[in-house]
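*Asks:* File data16.txt follows (compact mmCIF, C-alpha atoms):
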```
# COMPACT_ATOMS: atom_id res chain seq x y z
CA MET A 1 50.75 50.72 -82.66
CA ARG A 2 49.30 47.71 -84.37
CA LYS A 3 46.10 48.04 -86.36
CA SER A 4 44.24 45.74 -83.94
CA ASP A 5 45.39 47.83 -80.96
CA LEU A 6 44.31 51.03 -82.71
CA ILE A 7 40.85 49.59 -83.35
CA SER A 8 40.62 48.44 -79.73
CA VAL A 9 41.58 51.89 -78.39
CA SER A 10 39.12 53.59 -80.75
CA LEU A 11 36.26 51.35 -79.69
CA LYS A 12 37.09 51.88 -76.01
CA TYR A 13 37.13 55.66 -76.54
CA ILE A 14 33.75 55.61 -78.27
CA GLY A 15 32.40 53.48 -75.45
CA ASP A 16 33.67 55.94 -72.85
CA ILE A 17 32.01 58.95 -74.48
CA SER A 18 28.94 57.06 -75.73
CA TYR A 19 26.57 58.54 -73.15
CA SER A 20 27.74 62.10 -73.82
CA LEU A 21 27.57 61.40 -77.55
CA TYR A 22 24.02 60.12 -77.12
CA LEU A 23 23.05 63.39 -75.40
CA TRP A 24 24.77 65.68 -77.91
CA HIS A 25 24.19 64.12 -81.31
CA TRP A 26 20.47 64.87 -81.59
CA PRO A 27 20.53 68.64 -80.85
CA VAL A 28 23.66 69.12 -82.98
CA LEU A 29 22.18 67.32 -85.99
CA VAL A 30 18.76 68.96 -85.70
CA VAL A 31 19.99 72.50 -85.15
CA GLY A 32 22.77 72.04 -87.68
CA GLN A 33 20.28 71.12 -90.41
CA HIS A 34 18.59 74.49 -89.88
CA LEU A 35 21.74 76.57 -89.63
CA LEU A 36 23.71 75.12 -92.54
CA LEU A 37 22.70 76.13 -96.06
CA ASP A 38 24.76 73.35 -97.63
CA LYS A 39 23.21 69.91 -97.02
CA GLY A 40 26.02 67.97 -98.71
CA LEU A 41 28.22 65.17 -97.43
CA TYR A 42 30.92 67.43 -96.01
CA SER A 43 28.37 69.42 -94.00
CA GLN A 44 26.94 66.23 -92.52
CA LEU A 45 30.43 65.02 -91.60
CA LEU A 46 31.08 68.39 -89.94
CA LEU A 47 27.97 67.94 -87.77
CA VAL A 48 29.06 64.43 -86.77
CA ALA A 49 32.55 65.71 -85.89
CA THR A 50 30.98 68.52 -83.83
CA SER A 51 28.92 65.96 -81.91
CA PHE A 52 32.06 63.97 -81.11
CA ALA A 53 33.96 67.10 -80.04
CA LEU A 54 31.19 68.24 -77.67
CA ALA A 55 30.79 64.71 -76.32
CA ASP A 56 34.53 64.52 -75.61
CA LEU A 57 34.54 67.87 -73.82
CA SER A 58 31.48 67.12 -71.68
CA TYR A 59 32.89 63.68 -70.84
CA ARG A 60 36.24 65.11 -69.72
CA LEU A 61 35.03 68.30 -68.03
CA ILE A 62 31.66 67.30 -66.60
CA GLU A 63 30.77 63.63 -66.65
CA ASN A 64 34.10 62.12 -65.59
CA PRO A 65 34.94 64.64 -62.82
CA ILE A 66 31.50 64.36 -61.29
CA ARG A 67 31.49 60.59 -61.44
CA GLN A 68 35.02 60.05 -60.11
CA HIS A 69 35.64 62.94 -57.72
CA ARG A 70 32.82 65.34 -56.99
CA ALA A 71 29.70 63.19 -56.97
CA ALA A 72 30.31 62.14 -53.36
CA ARG A 73 30.55 65.77 -52.22
CA ILE A 74 27.27 66.84 -53.85
CA SER A 75 24.01 65.70 -52.35
CA THR A 76 21.39 64.01 -54.48
CA LYS A 77 19.13 67.02 -54.09
CA TRP A 78 21.71 69.41 -55.53
CA GLN A 79 22.65 66.97 -58.31
CA ILE A 80 19.02 67.03 -59.43
CA VAL A 81 18.82 70.84 -59.20
CA ILE A 82 22.04 71.31 -61.18
CA SER A 83 20.94 68.79 -63.81
CA LEU A 84 17.55 70.45 -64.27
CA ALA A 85 19.14 73.87 -64.51
CA ALA A 86 21.61 72.65 -67.12
CA ILE A 87 18.82 71.02 -69.12
CA ALA A 88 16.76 74.21 -68.98
CA LEU A 89 19.68 76.37 -70.15
CA VAL A 90 20.50 74.01 -73.02
CA ASN A 91 16.87 73.87 -74.16
CA VAL A 92 16.51 77.66 -74.04
CA GLN A 93 19.60 78.00 -76.23
CA LEU A 94 18.34 75.31 -78.61
CA ILE A 95 15.03 77.12 -78.96
CA LYS A 96 16.89 80.36 -79.75
CA TRP A 97 18.98 78.56 -82.37
CA HIS A 98 15.88 76.97 -83.87
CA ASN A 99 13.97 80.27 -84.04
CA SER A 100 16.97 82.06 -85.52
CA ALA A 101 17.45 79.36 -88.14
CA THR A 102 13.73 79.37 -89.00
CA ASP A 103 13.71 83.16 -89.42
CA ARG A 104 16.76 82.86 -91.63
CA LEU A 105 15.17 80.20 -93.84
CA VAL A 106 11.93 82.19 -94.14
CA ALA A 107 13.86 85.31 -95.15
CA GLN A 108 15.78 83.33 -97.75
CA ALA A 109 12.62 81.67 -99.08
CA GLU A 110 11.03 85.08 -99.60
CA SER A 111 14.06 86.58 -101.33
CA PRO A 112 13.78 87.29 -105.07
CA PHE A 113 16.67 84.92 -105.69
CA ALA A 114 15.02 81.95 -103.97
CA LEU A 115 11.75 82.69 -105.75
CA ALA A 116 13.52 82.91 -109.11
CA ARG A 117 15.19 79.53 -108.63
CA MET A 118 11.74 78.00 -108.12
CA ASP A 119 10.08 80.03 -110.89
CA ALA A 120 9.31 77.13 -113.25
CA PRO A 121 6.14 76.63 -115.33
CA GLU A 122 3.13 75.28 -113.46
CA ILE A 123 3.15 72.10 -115.54
CA TYR A 124 5.76 70.55 -113.26
CA ARG A 125 3.47 70.87 -110.26
CA HIS A 126 0.98 68.69 -112.12
CA GLY A 127 3.48 65.87 -112.70
CA CYS A 128 3.40 66.14 -116.49
CA ASP A 129 7.09 65.30 -116.83
CA ASP A 130 8.57 61.89 -115.92
CA TRP A 131 12.07 63.09 -116.77
CA TYR A 132 14.15 60.12 -117.95
CA SER A 133 12.73 57.50 -115.59
CA SER A 134 10.06 56.06 -117.91
CA ALA A 135 8.49 56.22 -121.35
CA GLN A 136 4.95 56.85 -120.07
CA VAL A 137 3.11 59.64 -121.84
CA LYS A 138 1.49 61.89 -119.23
CA VAL A 139 -0.82 64.54 -120.64
CA CYS A 140 -1.83 67.66 -118.71
CA HIS A 141 -4.94 69.57 -119.76
CA PHE A 142 -5.56 73.30 -119.45
CA GLY A 143 -8.61 75.27 -120.45
CA ALA A 144 -12.23 74.32 -121.10
CA LYS A 145 -12.78 70.67 -121.99
CA ASP A 146 -15.40 71.65 -124.58
CA ALA A 147 -13.26 74.37 -126.19
CA PRO A 148 -13.71 74.38 -129.98
CA LYS A 149 -9.95 74.41 -130.65
CA ILE A 150 -7.14 72.22 -129.38
CA ALA A 151 -3.49 73.19 -129.07
CA VAL A 152 -0.83 70.65 -128.13
CA VAL A 153 2.49 71.80 -126.64
CA TRP A 154 5.08 69.07 -127.11
CA GLY A 155 8.75 69.24 -126.13
CA ASP A 156 11.56 69.06 -123.62
CA SER A 157 12.16 71.44 -120.70
CA ILE A 158 13.55 74.18 -122.95
CA GLY A 159 10.51 74.02 -125.21
CA LEU A 160 8.08 73.90 -122.29
CA GLN A 161 9.73 76.83 -120.52
CA TRP A 162 7.51 78.86 -122.86
CA PHE A 163 4.26 77.41 -121.51
CA PRO A 164 3.32 80.58 -119.54
CA ALA A 165 3.70 82.66 -122.72
CA ILE A 166 1.74 80.16 -124.80
CA LYS A 167 -1.05 79.98 -122.22
CA GLY A 168 -1.27 83.78 -122.18
CA ALA A 169 -1.15 84.05 -125.97
CA LEU A 170 -4.06 81.64 -126.46
CA GLU A 171 -6.13 83.46 -123.81
CA LEU A 172 -7.69 80.38 -122.22
CA GLU A 173 -10.12 82.54 -120.27
CA THR A 174 -12.05 83.16 -123.50
CA GLY A 175 -12.89 79.47 -123.72
CA GLN A 176 -11.73 79.20 -127.33
CA TRP A 177 -8.71 76.97 -126.75
CA ARG A 178 -7.82 73.88 -124.78
CA ILE A 179 -4.12 73.19 -124.30
CA GLU A 180 -2.69 69.69 -123.87
CA VAL A 181 0.87 69.51 -122.59
CA ILE A 182 3.18 66.58 -123.38
CA THR A 183 6.72 66.99 -122.09
CA LYS A 184 9.80 64.98 -121.27
CA SER A 185 13.06 66.52 -120.12
CA SER A 186 16.16 65.99 -122.27
CA CYS A 187 14.08 64.48 -125.09
CA PRO A 188 14.11 66.51 -128.34
CA ILE A 189 11.23 66.44 -130.80
CA VAL A 190 13.13 64.83 -133.66
CA ASP A 191 12.87 61.45 -135.36
CA HIS A 192 16.34 60.35 -134.29
CA PRO A 193 17.81 58.31 -131.40
CA ILE A 194 19.59 60.34 -128.71
CA PHE A 195 22.57 59.31 -126.59
CA TYR A 196 22.01 60.48 -123.03
CA GLY A 197 25.16 60.94 -120.97
CA ARG A 198 23.32 60.62 -117.66
CA LEU A 199 22.28 57.11 -118.60
CA GLY A 200 25.44 56.29 -120.54
CA ARG A 201 23.45 54.79 -123.41
CA ILE A 202 20.92 55.51 -126.12
CA TYR A 203 17.89 57.17 -124.56
CA THR A 204 15.37 54.50 -125.57
CA GLU A 205 12.78 55.89 -123.14
CA CYS A 206 12.81 59.10 -125.16
CA SER A 207 12.27 57.30 -128.47
CA ASP A 208 9.42 55.20 -127.04
CA TRP A 209 7.80 58.23 -125.39
CA ARG A 210 8.07 60.27 -128.58
CA ARG A 211 6.49 57.50 -130.66
CA ASP A 212 3.55 57.07 -128.28
CA ALA A 213 3.10 60.82 -127.92
CA ALA A 214 2.91 61.17 -131.71
CA LYS A 215 0.19 58.51 -131.82
CA TYR A 216 -1.79 60.38 -129.17
CA ILE A 217 -1.43 63.70 -130.99
CA ASN A 218 -2.50 62.21 -134.32
CA LYS A 219 -5.71 60.90 -132.75
CA LEU A 220 -6.50 64.42 -131.54
CA THR A 221 -5.85 66.12 -134.89
CA PRO A 222 -5.11 69.40 -133.07
CA ASP A 223 -5.66 72.79 -134.64
CA LEU A 224 -2.22 73.86 -133.47
CA LEU A 225 0.86 71.88 -132.51
CA ILE A 226 3.67 73.80 -130.80
CA VAL A 227 6.97 71.93 -130.43
CA GLY A 228 10.22 73.00 -128.81
CA SER A 229 13.58 71.49 -127.96
CA ALA A 230 16.93 72.59 -126.64
CA GLY A 231 19.54 73.26 -129.29
CA SER A 232 22.37 71.65 -127.37
CA TYR A 233 21.87 68.03 -128.42
CA ASP A 234 24.71 66.31 -130.27
CA LEU A 235 23.08 66.56 -133.69
CA ASP A 236 24.55 68.33 -136.70
CA GLU A 237 22.60 70.77 -138.82
CA SER A 238 21.67 68.23 -141.49
CA THR A 239 20.43 65.71 -138.91
CA TRP A 240 18.29 68.36 -137.19
CA GLU A 241 16.71 69.21 -140.52
CA GLN A 242 16.01 65.67 -141.67
CA ALA A 243 14.94 64.35 -138.26
CA THR A 244 12.55 67.26 -137.69
CA LEU A 245 11.08 67.01 -141.17
CA SER A 246 10.63 63.25 -140.81
CA LEU A 247 8.65 63.66 -137.60
CA LEU A 248 6.52 66.66 -138.53
CA LYS A 249 5.79 66.13 -142.22
CA GLU A 250 2.14 66.10 -143.14
CA ASP A 251 1.77 62.36 -143.60
CA ALA A 252 3.33 61.74 -140.17
CA MET A 253 1.63 64.40 -138.07
CA THR A 254 -2.04 65.35 -138.43
CA ALA A 255 -1.91 68.81 -136.79
CA LYS A 256 -3.43 71.51 -138.97
CA GLN A 257 -0.69 74.02 -138.11
CA VAL A 258 2.72 73.51 -136.53
CA ALA A 259 4.82 76.12 -134.73
CA ILE A 260 8.40 75.30 -133.84
CA LEU A 261 9.89 77.27 -130.95
CA ALA A 262 13.51 78.07 -131.76
CA PRO A 263 15.90 77.00 -128.97
CA THR A 264 17.03 79.85 -126.76
CA TYR A 265 20.66 80.63 -126.06
CA ALA A 266 22.08 79.63 -122.69
CA LEU A 267 23.44 82.22 -120.29
CA GLY A 268 26.58 80.21 -119.63
CA MET A 269 26.40 80.84 -115.88
CA ASN A 270 23.80 80.50 -113.15
CA GLY A 271 21.99 83.80 -113.56
CA VAL A 272 20.39 83.81 -110.09
CA THR A 273 23.69 83.02 -108.36
CA CYS A 274 25.43 85.79 -110.28
CA LEU A 275 22.78 88.35 -109.31
CA GLU A 276 22.77 87.11 -105.72
CA ARG A 277 26.51 87.64 -105.54
CA HIS A 278 26.00 91.30 -106.37
CA GLY A 279 23.22 91.67 -103.78
CA LEU A 280 20.23 93.95 -103.53
CA PRO A 281 18.99 96.20 -105.01
CA MET A 282 19.41 94.19 -108.20
CA LYS A 283 20.81 95.97 -111.21
CA ASP A 284 21.46 94.88 -114.78
CA SER A 285 24.98 93.94 -113.79
CA GLU A 286 27.59 93.95 -116.52
CA ASN A 287 29.03 90.87 -114.86
CA CYS A 288 25.90 88.77 -115.39
CA HIS A 289 25.74 88.54 -119.15
CA THR A 290 27.24 86.62 -122.06
CA ARG A 291 27.10 86.87 -125.83
CA ALA A 292 24.56 84.74 -127.67
CA GLU A 293 27.17 82.73 -129.48
CA ASP A 294 26.68 78.97 -129.66
CA PRO A 295 27.38 77.08 -132.90
CA TYR A 296 25.10 74.18 -131.88
CA ARG A 297 22.08 76.40 -131.26
CA SER A 298 22.77 78.56 -134.30
CA ALA A 299 22.98 75.49 -136.53
CA THR A 300 19.77 74.12 -135.02
CA ILE A 301 17.87 77.35 -135.68
CA THR A 302 19.15 77.40 -139.27
CA ALA A 303 17.98 73.81 -139.80
CA LEU A 304 14.53 74.52 -138.34
CA ASN A 305 14.06 77.57 -140.54
CA ARG A 306 14.92 75.45 -143.53
CA VAL A 307 12.28 72.90 -142.51
CA ALA A 308 9.70 75.71 -142.37
CA THR A 309 10.46 76.66 -145.99
CA MET A 310 9.69 73.08 -147.08
CA GLN A 311 6.37 72.75 -145.26
CA PRO A 312 3.86 75.65 -145.59
CA ARG A 313 1.99 74.68 -142.42
CA ILE A 314 5.20 74.73 -140.32
CA HIS A 315 6.49 78.03 -138.94
CA VAL A 316 9.35 78.96 -136.60
CA ILE A 317 8.85 81.29 -133.65
CA ASP A 318 12.22 82.70 -132.66
CA LEU A 319 12.16 84.76 -129.44
CA ASN A 320 15.92 85.01 -129.00
CA GLY A 321 15.72 88.70 -129.84
CA LYS A 322 13.61 89.15 -126.69
CA VAL A 323 15.66 86.85 -124.47
CA CYS A 324 19.04 88.09 -125.69
CA PRO A 325 18.56 91.61 -127.13
CA ASP A 326 21.41 92.69 -129.41
CA ARG A 327 22.70 89.11 -129.04
CA ILE A 328 23.57 89.72 -125.39
CA CYS A 329 22.00 87.31 -122.89
CA ARG A 330 21.48 88.93 -119.49
CA ALA A 331 20.47 87.52 -116.14
CA LEU A 332 18.25 90.55 -115.57
CA ILE A 333 16.27 92.69 -118.01
CA ASN A 334 14.29 95.73 -116.86
CA GLY A 335 14.16 94.45 -113.30
CA THR A 336 12.95 90.94 -114.23
CA ILE A 337 15.17 87.91 -113.64
CA VAL A 338 15.48 86.16 -117.00
CA TYR A 339 17.19 82.84 -116.20
CA ARG A 340 16.36 80.60 -113.24
CA ASP A 341 19.60 78.66 -113.81
CA SER A 342 22.15 78.68 -116.62
CA GLN A 343 19.75 77.93 -119.50
CA HIS A 344 16.07 77.87 -118.46
CA ILE A 345 14.19 81.15 -118.41
CA THR A 346 11.90 81.98 -115.50
CA ALA A 347 8.15 81.50 -115.82
CA THR A 348 7.70 85.18 -114.96
CA PHE A 349 9.89 86.31 -117.85
CA ALA A 350 8.23 83.83 -120.23
CA GLU A 351 4.79 85.12 -119.24
CA SER A 352 5.89 88.68 -119.98
CA LEU A 353 6.38 87.63 -123.62
CA ALA A 354 2.85 86.26 -124.10
CA SER A 355 1.97 89.19 -126.36
CA ALA A 356 5.07 88.50 -128.48
CA VAL A 357 4.02 84.87 -128.93
CA LYS A 358 0.48 85.94 -129.79
CA ALA A 359 1.82 88.40 -132.37
CA GLU A 360 3.94 85.65 -133.95
CA LEU A 361 0.91 83.36 -134.19
CA GLN A 362 -1.25 86.12 -135.65
CA LEU A 363 1.45 86.93 -138.15
CA GLN A 364 2.13 83.38 -139.23
CA PHE A 365 -1.22 81.63 -139.09
CA GLN A 366 -4.52 82.29 -140.76
CA ALA A 367 -7.09 84.15 -138.66
CA ALA A 368 -9.23 81.03 -138.28
CA SER A 369 -6.37 79.20 -136.58
CA TYR A 370 -6.07 81.52 -133.57
CA GLN A 371 -9.26 83.58 -133.17
```
For this file, produce the structure as structure tokens.

*Replies:*
Amino acid sequence: MRKSDLISVSLKYIGDISYSLYLWHWPVLVVGQHLLLDKGLYSQLLLVATSFALADLSYRLIENPIRQHRAARISTKWQIVISLAAIALVNVQLIKWHNSATDRLVAQAESPFALARMDAPEIYRHGCDDWYSSAQVKVCHFGAKDAPKIAVVWGDSIGLQWFPAIKGALELETGQWRIEVITKSSCPIVDHPIFYGRLGRIYTECSDWRRDAAKYINKLTPDLLIVGSAGSYDLDESTWEQATLSLLKEDAMTAKQVAILAPTYALGMNGVTCLERHGLPMKDSENCHTRAEDPYRSATITALNRVATMQPRIHVIDLNGKVCPDRICRALINGTIVYRDSQHITATFAESLASAVKAELQLQFQAASYQ
């Protein structure tokens, strides 16, 4: 068959079933969106194919026979009755499907796994992070505006995963501290250009954002500056050291005290998915853990510790011993889900370490800096 003939036959076929397709496509697509967990391209194509299959069957078994053979034998009255009955039955079934799908989605939304996947710091609900789309510095404020002390938390998503712990450590309810959050995903706090694979070029938005954020921070002259970055950027140990020192040295940054949050080790798998695979009740599964072994992160931590020895007001807070005890990173510790994906810890787990952060600050800073 020639290509033109094939196209002609296909168009004629679609025209023949068009009315049945019109009737079927809406319920199939609507109900399918509720029933299918995967919303990807293949799932959508499956729903379209299902619409065509049902349209073809109803055309051949119902529409065509009635129109060509049986319509004359059935009175108008009974045609209407049969049509209404069919519509009623279909709608009742659709309602059942819809209710079943809704109950399923609600149950999933309330599961500990779904909650863990969404368990990110509250800063993202306030729109503090523009990700990579712009260089605009958006500052979020927490605590009393007239608080006598100012803390700035500055970093990428790995650094800011600790915000719940920092907020708890500074005890905002006492009115002593105000926290200002400045964050941009995939943008490390170093004085060095970064190549970003997602963009396929140097991440100029990051450099511009970092420069403007530094200007803002220097105008504040905060009592405490807390910075944090992932340790997975393509920077060697020497570059981490020099680029961090260049940005945070005393003549470049006016903060009275600086705390650097050491990058945490990644789990190497999606922790929630791994736990979900093993089902409830959740246990500290031996299958959902990896060793804390990453040369990039280890080199980064070494470089940051070296920076701290050069600048008395700079200190490193390393919580990897809490996240990965005995150098084993686990998806679950003492019943608490640790990672919400493969590398970010949950806000709940971070908050549980508020006392550890407070202890680090008390240990490393003078009493006047945190009381």

*Asks:* Around the point (11.9, 63.5, -139.2) (coordinates from the file), which residues reach within 8 Å if we count all atoms listed in the file? Answer as a ChimeraX atom specification.

*Replies:* /A:190-192,241-249

*Asks:* Using all atoms listed in the file, which of the listed residues (A:Ile150, A:Ala347, A:Ala114, A:Cys128) sits closest to Lys184 of chain A?

*Replies:*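 Going through A:Ile150, A:Ala347, A:Ala114, A:Cys128 one by one, the smallest distance to Lys184 of chain A is for A:Cys128.
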
*Asks:* For Lys358 of chain A, list every protein, DNA or RNA residue within 6 Å, evaluated using only C-alpha atoms, and leave out those in the same chain fewer than 3 positions away; present the list as a list of chain:residue names.

*Replies:*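 Near Lys358 of chain A, the qualifying residues are A:Ala169, A:Ser355, A:Leu361.
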
*Asks:* Between A:Leu61, A:Ile194, A:Val316, A:Leu29, which has the minimum distance to Leu47 of chain A (counting all atoms listed in the file)?

*Replies:*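 Checking each of A:Leu61, A:Ile194, A:Val316, A:Leu29 against Leu47 of chain A, counting all atoms listed in the file, the winner is A:Leu29.
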
*Asks:* Rounded to one decimal, what separation in Å do you get between atom CA of Ser207 of chain A and atom CA of Cys140 of chain A?

*Replies:*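 Going from atom CA of Ser207 of chain A over to atom CA of Cys140 of chain A covers 20.0 Å.
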
*Asks:* Could you please determine the separation between atom CA of Ile328 of chain A and atom CA of Cys288 of chain A in Å, to one decimal place?

*Replies:*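 Separation of atom CA of Ile328 of chain A and atom CA of Cys288 of chain A: 10.3 Å.
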
*Asks:* Nearest to Thr254 of chain A: which of A:Cys274, A:Ala165, A:Val152, A:Val323 is it, counting only C-alpha atoms?

*Replies:*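 Closest to Thr254 of chain A of all the choices is A:Val152.
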
*Asks:* Pick out the closest residue to Leu353 of chain A from this set: A:Tyr203, A:Trp240, A:Trp162, A:Phe195. Count all atoms listed in the file.

*Replies:*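 Distance minimum relative to Leu353 of chain A lands on A:Trp162.
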
*Asks:* For segment 228-230 of chain A, please output as number ranges by chain all residues within 7 Å (counting all atoms listed in the file; exclusion window: fewer than 6 positions along the same chain).

*Replies:* A: 154-156, 158-160, 188-189, 260-263

*Asks:* Could you check how far atom CA of Arg178 of chain A sits from atom CA of Gln362 of chain A, in Å to one decimal?

*Replies:*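 Here the two named atoms are 17.6 Å from each other.
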
*Asks:* Tell me which of A:Gly271, A:Met118, A:Tyr19, A:Leu332 sits closest to Ser58 of chain A, counting all atoms listed in the file.

*Replies:* A:Tyr19

*Asks:* For Glu360 of chain A, work out the shell of residues within 10 Å, counting all atoms listed in the file and skipping chain neighbours fewer than 4 positions away, then give it as a list in words.

*Replies:*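 Answer for this query is Ala169, Ala259, His315, Val316, Ile317, Asp318, Leu319, Ala354, Ser355, Ala356, Gln364 and Phe365 of chain A.
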
*Asks:* Would you pick out the contacts of Asp146 of chain A at 10 Å or less, using all atoms listed in the file, so that residues sharing its chain but fewer than 5 positions from it are not included, and give the list as number ranges by chain?

*Replies:* A: 175-178

*Asks:* Given only C-alpha atoms as the basis, pick out the residue of A:Val258, A:Ile202, A:Ile333, A:Val227 nearest to Tyr132 of chain A.

*Replies:*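 Once distances to Tyr132 of chain A are computed over only C-alpha atoms, the minimum belongs to A:Ile202.
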
*Asks:* List the spatial neighbours of Leu199 of chain A as a PyMOL selection string - criterion: any atom at most 12 Å away, all atoms listed in the file, same-chain residues fewer than 6 positions off excluded.

*Replies:* chain A and resi 131-133+186+205-206
